[in-house]
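K.L.:
Below are the structure tokens for one structure; questions will follow.
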Amino acid sequence: MIPRCLINQILRLAQASPEREVCGLVGAAAGRRMRCYPVPNVAERPECRFLLDPKGQIDALRAMRERGEELFAIFHSHPTAAAIPSPADLEFAAYPEALHLIVSLGTKGVLEMRGFRIGSSSRPREVELLLAPE
């Protein structure tokens with residue numbers, strides 16, 4: 001279960017930069033306490049791809065470790081595409097144990113977020129996202 005405040009934070013990040021893919025990590029501790037770690041997108045074409053800034057990614061993972069958290073999810077947005085993994089998302093997916101959260105801004109004014117497990121199989125598996133009570 002994902003807290004509504006975390007979902008809202010990720011959606012706000014996507015809305016704040018609608019022309020480029022935003023990205024980051026989500027850490028979780030025992031009891032499912034979760035925290036969002038936005039990481040700069042350093043892709044050459046950030047309007048259609050994301051690449052986590054290496055220093056930002058290391059800093060986020062270090063902060064998680066210091067707080068007793070583990071990597072729970074990797075999130076990014078698709079400014080004009082559906083909330084499904086793109087071929088590039090599948091090709092460059094890392095951390096198969098992490099949930100991949102994708103936000104679509106290209107849904108005619110309605111934000112959409114979907115979750116996927118992207119592992120060693122050739123097909124991503126969609127995961128139902130359940131909201132935790134506040």
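Just so we're on the same page: first chain in the structure tokens is A, next is B, and so on; residues restart at 1 for each chain, and ligands are numbered from 1 in the order they show up.
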Per DSSP on the backbone, filter chain A down to the residues in alpha helix (DSSP H) and report them as a PyMOL selection string.

P.N.:
chain A and resi 4-16+54-66+87-91

K.L.:
Hey, what's within 10 Å of Gln15 of chain A if we count only C-alpha atoms and toss same-chain stuff fewer than 4 positions away? As a list in words, please?

P.N.:
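Skipping anything fewer than 4 positions along the chain leaves Gln9, Ile10, Leu11, Glu19, Arg20, Val22, Ser77, Pro79, Val103, Ser104, Leu105 and Leu111 of chain A.
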
K.L.:
Using N, CA and C atoms, can you write the selected residues to a file as a JSON list (two decimals), in the first residue's frame?

P.N.:
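What landed in result-v1.json:
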```
[["chain", "number", "residue", "atom", "x", "y", "z"],
["A", 9, "GLN", "N", 2.67, 13.67, -4.03],
["A", 9, "GLN", "CA", 3.96, 14.33, -4.20],
["A", 9, "GLN", "C", 4.55, 14.00, -5.57],
["A", 10, "ILE", "N", 4.50, 12.74, -5.97],
["A", 10, "ILE", "CA", 5.04, 12.34, -7.28],
["A", 10, "ILE", "C", 4.23, 12.99, -8.40],
["A", 11, "LEU", "N", 2.91, 13.03, -8.27],
["A", 11, "LEU", "CA", 2.07, 13.66, -9.29],
["A", 11, "LEU", "C", 2.39, 15.15, -9.40],
["A", 19, "GLU", "N", 7.06, 19.29, -19.48],
["A", 19, "GLU", "CA", 7.76, 19.15, -20.75],
["A", 19, "GLU", "C", 8.88, 18.12, -20.71],
["A", 20, "ARG", "N", 9.19, 17.60, -19.52],
["A", 20, "ARG", "CA", 10.29, 16.65, -19.39],
["A", 20, "ARG", "C", 9.91, 15.54, -18.42],
["A", 22, "VAL", "N", 10.23, 13.57, -15.23],
["A", 22, "VAL", "CA", 10.80, 13.71, -13.90],
["A", 22, "VAL", "C", 11.07, 12.30, -13.38],
["A", 77, "SER", "N", 8.03, 10.08, -15.11],
["A", 77, "SER", "CA", 6.82, 10.50, -15.82],
["A", 77, "SER", "C", 7.01, 10.37, -17.32],
["A", 79, "PRO", "N", 5.64, 12.62, -20.33],
["A", 79, "PRO", "CA", 4.89, 13.83, -20.64],
["A", 79, "PRO", "C", 3.79, 13.65, -21.69],
["A", 103, "VAL", "N", 4.05, 7.80, -14.37],
["A", 103, "VAL", "CA", 2.98, 8.80, -14.42],
["A", 103, "VAL", "C", 2.84, 9.27, -15.86],
["A", 104, "SER", "N", 1.62, 9.30, -16.36],
["A", 104, "SER", "CA", 1.35, 9.85, -17.69],
["A", 104, "SER", "C", 0.66, 11.19, -17.56],
["A", 105, "LEU", "N", 1.20, 12.17, -18.28],
["A", 105, "LEU", "CA", 0.58, 13.49, -18.36],
["A", 105, "LEU", "C", -0.22, 13.62, -19.66],
["A", 111, "LEU", "N", -4.27, 12.93, -14.73],
["A", 111, "LEU", "CA", -3.02, 12.23, -14.47],
["A", 111, "LEU", "C", -3.29, 10.76, -14.23]]
```

K.L.:
Do you know which residues are at most 8 Å from Ile74 of chain A counting only C-alpha atoms, after dropping those on the same chain fewer than 5 positions away, and could you put them as a list in words?

P.N.:
Cys23, Gly24, Leu25, Val26, Ala98, Leu99, His100 and Leu101 of chain A

K.L.:
For C-alpha atoms, I'd like the residues from the last selection saved as a PDB file, in the first residue's frame.

P.N.:
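What landed in again36.pdb:
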```
ATOM      1  CA  CYS A  23      12.316  10.839 -11.955  1.00  0.00           C
ATOM      2  CA  GLY A  24      13.394   9.628  -8.566  1.00  0.00           C
ATOM      3  CA  LEU A  25      13.344   6.894  -5.973  1.00  0.00           C
ATOM      4  CA  VAL A  26      11.010   5.857  -3.171  1.00  0.00           C
ATOM      5  CA  ALA A  98      11.863  -2.347  -7.149  1.00  0.00           C
ATOM      6  CA  LEU A  99       8.418  -1.322  -8.279  1.00  0.00           C
ATOM      7  CA  HIS A 100       8.438   0.999 -11.306  1.00  0.00           C
ATOM      8  CA  LEU A 101       5.882   3.801 -10.993  1.00  0.00           C
TER       9      LEU A 101
END
```

K.L.:
If you count only C-alpha atoms, which residues fall within 8 Å of Met1 of chain A, apart from same-chain ones fewer than 4 positions away, as an MDAnalysis selection string?

P.N.:
chainID A and resid 32 129:132

K.L.:
Among chain A, which residues carry a DSSP assignment of strand (DSSP E or B), reported as a PyMOL selection string?

P.N.:
chain A and resi 2-3+23-28+34-39+41+52+70-78+99-104+112-117+125-127+131-132

K.L.:
Determine the nearest neighbour of Val127 of chain A from the options A:Ile102, A:Ala28, A:Ala60, A:Leu13, counting only C-alpha atoms.

P.N.:
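Closest residue, counting only C-alpha atoms: A:Ile102.
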
K.L.:
Could you check which of A:Arg117, A:His76, A:Arg4, A:Arg45 is closest to Glu97 of chain A, using only C-alpha atoms?

P.N.:
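Closest residue, counting only C-alpha atoms: A:Arg117.
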
K.L.:
For Gly68 of chain A, which residue among A:Glu91, A:Leu52, A:Met34, A:Pro85 is the nearest when counting only C-alpha atoms?

P.N.:
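Answer, going by the shortest atom-to-atom distance: A:Met34.
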
K.L.:
From the set A:Pro40, A:Ile84, A:Glu66, A:Arg33, which residue has the shortest atom-to-atom contact distance to Pro54 of chain A, counting only C-alpha atoms?

P.N.:
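Closest to Pro54 of chain A, using only C-alpha atoms: A:Pro40.
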
K.L.:
Between A:Leu6, A:Ala14, A:Ala29, A:Val39, which one has atoms that come closest to Arg65 of chain A, using only C-alpha atoms?

P.N.:
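Closest to Arg65 of chain A, using only C-alpha atoms: A:Ala29.
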